[in-house]
Each structure stands twice: as structure tokens, then as C-alpha cells.
Amino acid sequence: MGTYIIRRLLMGIVIILLVTIMIFLFMRLLPGDPLVIYVSRSDMSNLSPEQMTALKHKFGLDTSMPMQYVNWITGIFRGDFGQSIYYDVQVGRLLVERLPVTLHLGVMAFVLSSVLGVSFGVICALRRGTWIDTVVTLLANVGITMPAFWLGIILIYVFALKAGWLPVHGYTSPFENFWLSARQVIMPVICLSLFSVASLTRLTRSSMLEVVKQDYIRTAWAKGLRERVVIVRHTIKNALIPVITVMGLQVAFIFGGSVLIETVFNIPGIGRLMTQSVMQQDFQVVQAGTLIIATMVVAANLVVDISYGWLDPRIRYD
Amino acid sequence: MIGTGKYSIVAVLAAILLVISFSQPTTAQAQAKPQYGGTFTWNHNGGVPKIGAPADNLGPQVGNRNSFPALENLIKTDEQERIQPWLAESWTIAKDGKSITFKLRKGVKFHDGTPFNAEAVKYNLEAVLKANIPGSAVLNKVASYDVVDELTLRVNLKEFDATLLPRLAQGVLGMIASPTAMKKEATPETMAALHCVGTGPFVFDSWKRDSFVKYKKWDGYWQKGKPYLDDIKIQSIADLTTSIMSLKAGEVQAVENVDPVDAKQLEKEGFDIYQPNFRFLHSVIPDGGNPNSPFAKKNVRLALIYAIDKRAICKGVGMGYYEPIDQLASAKDIWFNSGLKYREYDVKKAKQLLADAGYPNGFKTKLISDVMARRDTLVAIQTYLKEVGIETELEMLEFGAAFAKPRQGWEGILFPGYPNVGNMVGIVDRWGDPTNYVSFYRPPGWQDKWNAMITQIDDKKRLAQLKELLAILYEEAIGMPYMADSPLLARQKKLHGFDFHANHIVNYYEPQNIWMSK
């Protein structure tokens, strides 16, 4: 087990390194000079060649590309993510400001989608062919095809504009004002979790239907076990293995979706920061943001891999 | 008796009508009288990257709009771009143009209680030059500052520059903050609270990077009885649909930069749509300065003008709000030249001009634009050009590259997404700066004429020189201005005095005059 975790950790580190190389190269290959963004905040005609050289040094652009990459990576180990060109502050500071917001929404969306997705899937499988199964499956199919940003606009129209129950946009920390925060995150969390709820419902349903046909389930019934025990201990636990794999992947969807949802609901999280930074070619911020998201996705998948052993003791790690 | 009764009733009715007829204007007047109180919240999509003093480099486009409640300019302009008093009550330009003497307003204090005086103005101007904020290069022409007395500052110049006063009036450059506050050491977190200390009607309250900045009423404002509002909250919302929904939901009272299609709908729903006199001037600019380019030939540049139906584009994208132009001026601008005939869309003439220039079958070129440009206009222009035989390969630039291109040079036709700011300084920066938009055709003597205009002291003569330069731009088809627009502001009917982009100044508004009916 320990060897397996170390091996997976090493693989995760390799994946993250590959991601950093890719994002570093992509940002550098974009046309245009990132310094121009900074200079557009100043009076260009005032800048001497010496000042331009000093600026290049400030943003680490005065060395070769491989050296820039090495400097960036070694900086991260020292907790230095570089300097934002657009905001003119340390990138680390921006991440500290924005990450809790995205995590707040992301964790809520993940919990909501996991609970609802698995529950709906189980109900559909147990009540296969009934009206509940038909309605939930239909809604799941609709949910999978519905773009999250479009749903966001529809929710705003219905619940904020017409009903007046929820605020149109914004974010408040729950530690600052819990009720306002709760009202503000309802719509974004629904949008972020919709796809995951729908896909988990479908997957859980089909996985459950697969498992209930197995001999060991028939044996469990034959032993005279109670329905709750058969379903919870024998059926769901076995049906969850593929579901857990997909739940790990949902982390990527949720954090990827935050880019759109945070823009629609005007939430100052990592997603909106990334959108703004890509537009402004604020390369240090984009690199750092991508690194953070990649790390979270890799970590989530690692947790998923480890959880297989608990779900199915037949799975061995060596 | 009956007759008397009838007369009595008529008399009473007449009296009532009389009272009503007199009372109605009084009621209307009462409504027009500013009311105190309330929080005014408005949305723009320009970001709130930093709050502080001008020398903290607040950003080229958003610095002033996020700061006007607290910081005021030394001078301002009016709708005709004439310099007007503000924190300076008057100014005198020496006959030789070698100095400008400002007489400052008496009794003005900063929010921290320190006095606004000549030393404070000097300190600010020196600080913004040192910080190298946008537009500050003009201050290199200042030789020295003489503090003549508490309220008199003489700015001695190496040479006169006609853009100095407009830059002080229209940009962040001329905003004055408290020197005492600016001297305080600040981090990015404390900069707003420590440095955003001006003479404006509101004092800084709170902010959140990229989300909002909030100001609260200041009782010590120099205009007695103002401001009317209790608070102003400026929000940055990237998505326009969300922004408009928050207006409709009543969460905000105004939204800036509304699309014409939305503006029409909002007008129908009872919102006010405000369009300032100030215009942004859109042009496409061929690389006529490149000797190997087809656009080096005047006839090809002229063909470009006749090939594009400017009226149709403006009607299509502007829904009646935008103005088709054929010279670098809106009809409302003082430099508008009525002697320059509008060149109508004429495919035949465009094809003939191309044939005369040796391109009877047209040619292939690049159409370079960026993410800030309207896609529908871009497609329309591409289609019009194809019709006369000019095949264009589209190259879309990201934000950063878009700012670099005009200074690096381009091949083909440049369609800048960010338009020409429609004031004298904006025109000089785009067409009179030899380091900017380097690829357009510059006829002999072009730069000398701009230099002569910029150093002209006499306002009337300078205006004539500007008109002459813009006539050359028209005659030589150096660029093709096609549309004048101004960002539309949607606002609730109960909001008064919030005229955005007023006084021919980008982002300008007067927070002290804003009020809301209850």
C-alpha cells in the first residue's frame, strides 16, 4: 500500500511537471509581449532602454526560456509565484485571496453532486421502470447537455430577477455574513454541480443495475438479509467503484467550470482571475493558477485510487 | 338661487383647476430639486485592479472612473473641450508660452485635514512623473515649479505643449491627492486606505480587488451642500448580461457600456439611456507607409473608403446610436470640418480606383484585429472588401499583442479594437506620435505640422491647424474613419446627475451632483 501511494505520488509529480512545461510554453508562444501590458500602464515614451531592461529583469524575462522556466519552478519551492503584471502585486497574494472562494464553491458543488448523483442513481436503479426512474433519467440527460453558463443566466432570470429571492451576483465570505453568503452561492453551486449530478446519476444507475444481477447479491437475498443491508453493504459498495473514479474526474470539471461560472456570477475566485489573466497575458498568474488546479485534480485522483482498496478488498496495490 | 349655485360650482371647479395648473409645475420643480441620501451603486466592466493615489499607477483606463468620488483634477474641460476651472480657479499662459501660472481655489482641504495648496500640486506633478504614469511624458517639458505663494503655482516650461492642460484636465495625471497621505508607506493591501485621500466629495470606505470600491459622504467638501448621496459603490462586473440583470433587479442604479441592442430593450422597459457628446472614433488603418504595400498607392487607400458601406455598418451594429463618419470627427466635435464631403459607398468607384492603381483583379492582404474589436463589424468589413476584390486573411490578436502592434508595425489593414479617444489628446496620441501606428502613410511635412500644432499657444490657431491636419488625413486617405460611438449608459429613472463620459472626458462624471429621487 505504502509503495503504491509513493509510486502514485511520483507519477502525480511527473504529471504536474509536464503540465507546468506545457503551460509555460503555451503562454510564451502567444503572440505579443507580456511586458507591453505592463508598459501600457505607464508612459511608454518616457521609458529608456535601461528602464525596459530593468522591467524585463523585474518580471524575469531577461534570461533564456529554459532559465526562465527553472527560475519559476525554483521560485515556487520558495513560495514565490512571481509578480502579476496586470495587478502589480505578488501572484501568491492573488492566489491566497482567490483560492478560498473557488474552494468554497468547488467543495460545496462536489458534495452536492456526489450526494445527489449517487442518491438519484440508486433510487432509479431500485425503482427501475417506474415514473421516478423515467423522470430522473430524463432530467439527467437534460442536465448533461445543458451548458452551465446558460443555466446560470436562466437561474438569475428566474430566481433573482423575477422571483427576487436571490441576489443576481456577488460573493461574500460565510465568516463575514453567513446568510448572505448562503444566498449568493446557491445558484453558482447548482450550476457547477449540474453536470456532475447528471453524469453520476446515470453512472450510478447503470452500475447498480449491473451489480444487482450478480450472484452474490442473489445469495445475500437468499440468506434472508434485510433490504437495507443488501443494498447498502453489498450493492452500493460494489457499484460505487466506477462511480468513485468518475467523482475524481468531476473535480476537474468543477474547477474547470468555475472559469465560466465565476464570470457569470461575478465571483472573485481563481476562475475569474484566470480569465482576466489570460486576456491580459499575465503569464505568471496563468501559470500559477493552472498549476494549482492541476495539483488539485492530481490529488483528487490519488485519493480516488487509494479509496479503491476500501471499496473492494480484492484490489491489491502491488 | 339655482343660477347662483351653478356659478358657485363653476367658480369652485375653476379655482380647483387653477390651483392644479399652478401646483403642477411646482410639483415638477420639487421633483427636480436634488434630494439627499441613498447609496448609489453602478457597474462597469473595466476592473478595479488598484485604488490609491495617481502616483500609485492606477491603470490607464480605469484609474479615474474608480477614483472620481475621492480625487479631483486641477482643471477640467467642458463639452467643447475648453479648459475650465476646478481645483485651480484660473491659469495664465505666458505670452512666450514658457510658463503657466495656476491660481488655486481657497479654502479647499484634503480628507485628512491638510490644506490643498501650491506645494501639494507641485508634489503631485513631480510624483506622477517619477512614477511614469500614462500621459506623464508631457511633464518632461516642465523645467521647474515656482511656489509663488500658498495658492499660486508657476509651472516653468522648456517648451510649450498644448496637450499639457488637456492632459491635466482629462486624465489621472491632473488628479491631486494629499502629499501627507502619499508619503505614508503602504502595501498593496493598505494603499487604498492610506493613499486615496483627495479633496473630492466622498472619502474612501472599502474595496475588494476586481470587485468593488466604496466611498462614503464627506462633510468637509468645498462645495457647500454637496454631495447629495450617502455612499457610492462602483462595481466591476465582467459579464454584461449579469450586469443588466442586476440593473433590472434593482440591485444597481446604472450600468455602463451597454450594447445598442440591450439599450433599445432597456429603453422600452423604462430605463434611461444616456449617450454622451463625447465619441470614440473607429478607423481602419492600412499600411500605406510600407513602400511594398498596395496601400502605398493613394488610389488603393481611397478604394478602401468607397468599398465599405459605413452607414450600413453603423445602422446595423449601432441601432441608431452610432454615427457614420468619413473624417476623424463626430459632427458634434469642434474640429468637425463641414467642408469635407462625405464619401458614400460606391463599389464601382472602388473597383475603378483599384484598376487605376494597377489592381484590376484586386489583391490579397491581411486584416489584423484583436479581441477588443466587434466581430460583426469585422466580418462586414471583410465582406465589403471581398466584394471589390480585396481578399483578406484575418489575424486576431490577444489583448497584449493588440497594444504592441501599433508600435511594432503591421502589414495590411489594421482594425484596432480599441478606438481613437475622441478628444484632441487622443487624436494627437494616435496620429501625431511618430512612435505610434508606425505603418500608416505619412505625407511629407506631416510630423512638422503636428509639432507646430502642439506648440501653438493660440487656441483658435491651434484648432485651425488641427482641422488642416485632419483634412490631409481625409484627402490622402491615410486612415479610414467609419464610425463614431460612445458607450451607452443605462440608468434608472430615479437617478439624476450621473452623466458618464461627460465634458469630453473619458470616464468623467461629477459624483457631487448625483442624487436619487426617493
# chains A, B, ... in the order shown; residues from 1 in each chain; ligands from 1

call {"tool": "select_by_dssp", "arguments": {"residues": "range 259-452 of chain B", "states": "strand (DSSP E or B)", "output": "ChimeraX atom specification"}}
result
/B:272-274,280-286,323-324,363-370,390-397,413-414,420-421

call {"tool": "residues_around", "arguments": {"residues": "Leu166 in chain A", "least_positions_apart": "6", "cutoff": "6 Å", "atoms": "only C-alpha atoms", "output": "list of chain:residue names"}}
result
A:Phe159, A:Ala160, A:Arg183

call {"tool": "write_last_selection", "arguments": {"atoms": "N, CA and C atoms", "output": "CSV table (one decimal), in the first residue's frame"}}
result
chain,number,residue,atom,x,y,z
A,159,PHE,N,-34.8,33.2,-10.5
A,159,PHE,CA,-34.8,33.4,-9.1
A,159,PHE,C,-34.3,34.7,-8.5
A,160,ALA,N,-33.6,35.5,-9.4
A,160,ALA,CA,-33.1,36.8,-8.9
A,160,ALA,C,-34.0,37.9,-9.5
A,183,ARG,N,-27.1,32.7,0.4
A,183,ARG,CA,-28.0,33.1,-0.7
A,183,ARG,C,-27.2,33.3,-2.0

call {"tool": "interface_residues", "arguments": {"of": "chain B", "to": "chain A", "cutoff": "6 Å", "atoms": "only C-alpha atoms", "output": "PDB file with N, CA and C atoms, in the first residue's frame"}}
result
ATOM      1  N   PRO B  49      -8.451  47.123 -10.392  1.00  0.00           N
ATOM      2  CA  PRO B  49      -7.177  46.472 -10.065  1.00  0.00           C
ATOM      3  C   PRO B  49      -6.436  47.115  -8.904  1.00  0.00           C
ATOM      4  N   GLY B  59      -3.667  52.519 -13.352  1.00  0.00           N
ATOM      5  CA  GLY B  59      -4.114  51.872 -14.590  1.00  0.00           C
ATOM      6  C   GLY B  59      -4.602  52.906 -15.577  1.00  0.00           C
ATOM      7  N   PRO B  60      -4.344  52.676 -16.867  1.00  0.00           N
ATOM      8  CA  PRO B  60      -4.608  53.705 -17.862  1.00  0.00           C
ATOM      9  C   PRO B  60      -6.080  53.968 -18.131  1.00  0.00           C
ATOM     10  N   ASN B 132       5.972  57.591 -13.598  1.00  0.00           N
ATOM     11  CA  ASN B 132       5.838  57.312 -15.028  1.00  0.00           C
ATOM     12  C   ASN B 132       4.438  56.829 -15.390  1.00  0.00           C
ATOM     13  N   ILE B 133       3.416  57.507 -14.880  1.00  0.00           N
ATOM     14  CA  ILE B 133       2.047  57.062 -15.172  1.00  0.00           C
ATOM     15  C   ILE B 133       1.668  57.490 -16.598  1.00  0.00           C
ATOM     16  N   PRO B 134       0.632  56.891 -17.189  1.00  0.00           N
ATOM     17  CA  PRO B 134       0.272  57.231 -18.575  1.00  0.00           C
ATOM     18  C   PRO B 134       0.061  58.729 -18.760  1.00  0.00           C
ATOM     19  N   GLY B 135       0.633  59.266 -19.811  1.00  0.00           N
ATOM     20  CA  GLY B 135       0.478  60.683 -20.126  1.00  0.00           C
ATOM     21  C   GLY B 135       1.487  61.577 -19.439  1.00  0.00           C
ATOM     22  N   ALA B 137       4.654  61.778 -19.726  1.00  0.00           N
ATOM     23  CA  ALA B 137       5.819  62.219 -20.512  1.00  0.00           C
ATOM     24  C   ALA B 137       5.767  63.717 -20.783  1.00  0.00           C
ATOM     25  N   ILE B 237     -18.127  44.278 -13.105  1.00  0.00           N
ATOM     26  CA  ILE B 237     -18.775  43.009 -13.467  1.00  0.00           C
ATOM     27  C   ILE B 237     -18.398  42.688 -14.902  1.00  0.00           C
ATOM     28  N   ASP B 239     -19.389  40.229 -16.934  1.00  0.00           N
ATOM     29  CA  ASP B 239     -20.431  39.770 -17.847  1.00  0.00           C
ATOM     30  C   ASP B 239     -21.551  40.807 -17.948  1.00  0.00           C
ATOM     31  N   SER B 246     -28.760  42.795 -12.983  1.00  0.00           N
ATOM     32  CA  SER B 246     -28.708  43.420 -11.658  1.00  0.00           C
ATOM     33  C   SER B 246     -29.344  44.813 -11.695  1.00  0.00           C
ATOM     34  N   ALA B 249     -33.046  44.063 -11.685  1.00  0.00           N
ATOM     35  CA  ALA B 249     -33.484  43.583 -10.367  1.00  0.00           C
ATOM     36  C   ALA B 249     -33.454  44.696  -9.321  1.00  0.00           C
ATOM     37  N   PHE B 399      -5.063  40.563 -26.238  1.00  0.00           N
ATOM     38  CA  PHE B 399      -5.005  41.893 -25.637  1.00  0.00           C
ATOM     39  C   PHE B 399      -3.587  42.485 -25.651  1.00  0.00           C
ATOM     40  N   GLY B 400      -2.628  41.687 -25.177  1.00  0.00           N
ATOM     41  CA  GLY B 400      -1.254  42.180 -25.076  1.00  0.00           C
ATOM     42  C   GLY B 400      -0.674  42.519 -26.434  1.00  0.00           C
ATOM     43  N   ALA B 401      -0.874  41.607 -27.383  1.00  0.00           N
ATOM     44  CA  ALA B 401      -0.344  41.818 -28.725  1.00  0.00           C
ATOM     45  C   ALA B 401      -1.009  43.019 -29.385  1.00  0.00           C
TER      46      ALA B 401
END

call {"tool": "atom_distance", "arguments": {"atom1": "CA of Ala125 in chain A", "atom2": "CA of Ala300 in chain A"}}
result
27.1 Å

call {"tool": "residues_around", "arguments": {"residues": "Pro100 in chain A", "least_positions_apart": "4", "cutoff": "9 Å", "atoms": "only C-alpha atoms", "output": "list in words"}}
result
Leu95, Val96, His104, Leu105, Gly269 and Ile270 of chain A

call {"tool": "residues_around", "arguments": {"residues": "Leu473 in chain B", "least_positions_apart": "5", "cutoff": "8 Å", "atoms": "only C-alpha atoms", "output": "PDB file with N, CA and C atoms, in the first residue's frame"}}
result
ATOM      1  N   GLN B 327     -14.591  61.503 -41.728  1.00  0.00           N
ATOM      2  CA  GLN B 327     -13.431  62.264 -41.276  1.00  0.00           C
ATOM      3  C   GLN B 327     -13.254  61.956 -39.797  1.00  0.00           C
ATOM      4  N   ILE B 478      -5.351  58.463 -45.366  1.00  0.00           N
ATOM      5  CA  ILE B 478      -4.313  57.828 -44.529  1.00  0.00           C
ATOM      6  C   ILE B 478      -4.927  56.728 -43.665  1.00  0.00           C
ATOM      7  N   GLY B 479      -6.070  57.022 -43.114  1.00  0.00           N
ATOM      8  CA  GLY B 479      -6.839  56.035 -42.369  1.00  0.00           C
ATOM      9  C   GLY B 479      -8.281  56.161 -42.808  1.00  0.00           C
TER      10      GLY B 479
END

call {"tool": "atom_distance", "arguments": {"atom1": "CA of Phe40 in chain B", "atom2": "CA of Val252 in chain B"}}
result
7.3 Å

call {"tool": "closest_residue", "arguments": {"among": "B:Pro286, B:Pro188, B:Pro291, B:Pro34", "to": "Asp56 in chain B", "atoms": "only C-alpha atoms"}}
result
B:Pro188

call {"tool": "residues_around", "arguments": {"residues": "Ser114 in chain A", "least_positions_apart": "4", "cutoff": "8 Å", "atoms": "only C-alpha atoms", "output": "list in words"}}
result
Phe110, Val118, Ser196, Val197, Leu200 and Met247 of chain A

call {"tool": "atom_distance", "arguments": {"atom1": "CA of Gly46 in chain B", "atom2": "CA of Asp259 in chain B"}}
result
15.0 Å
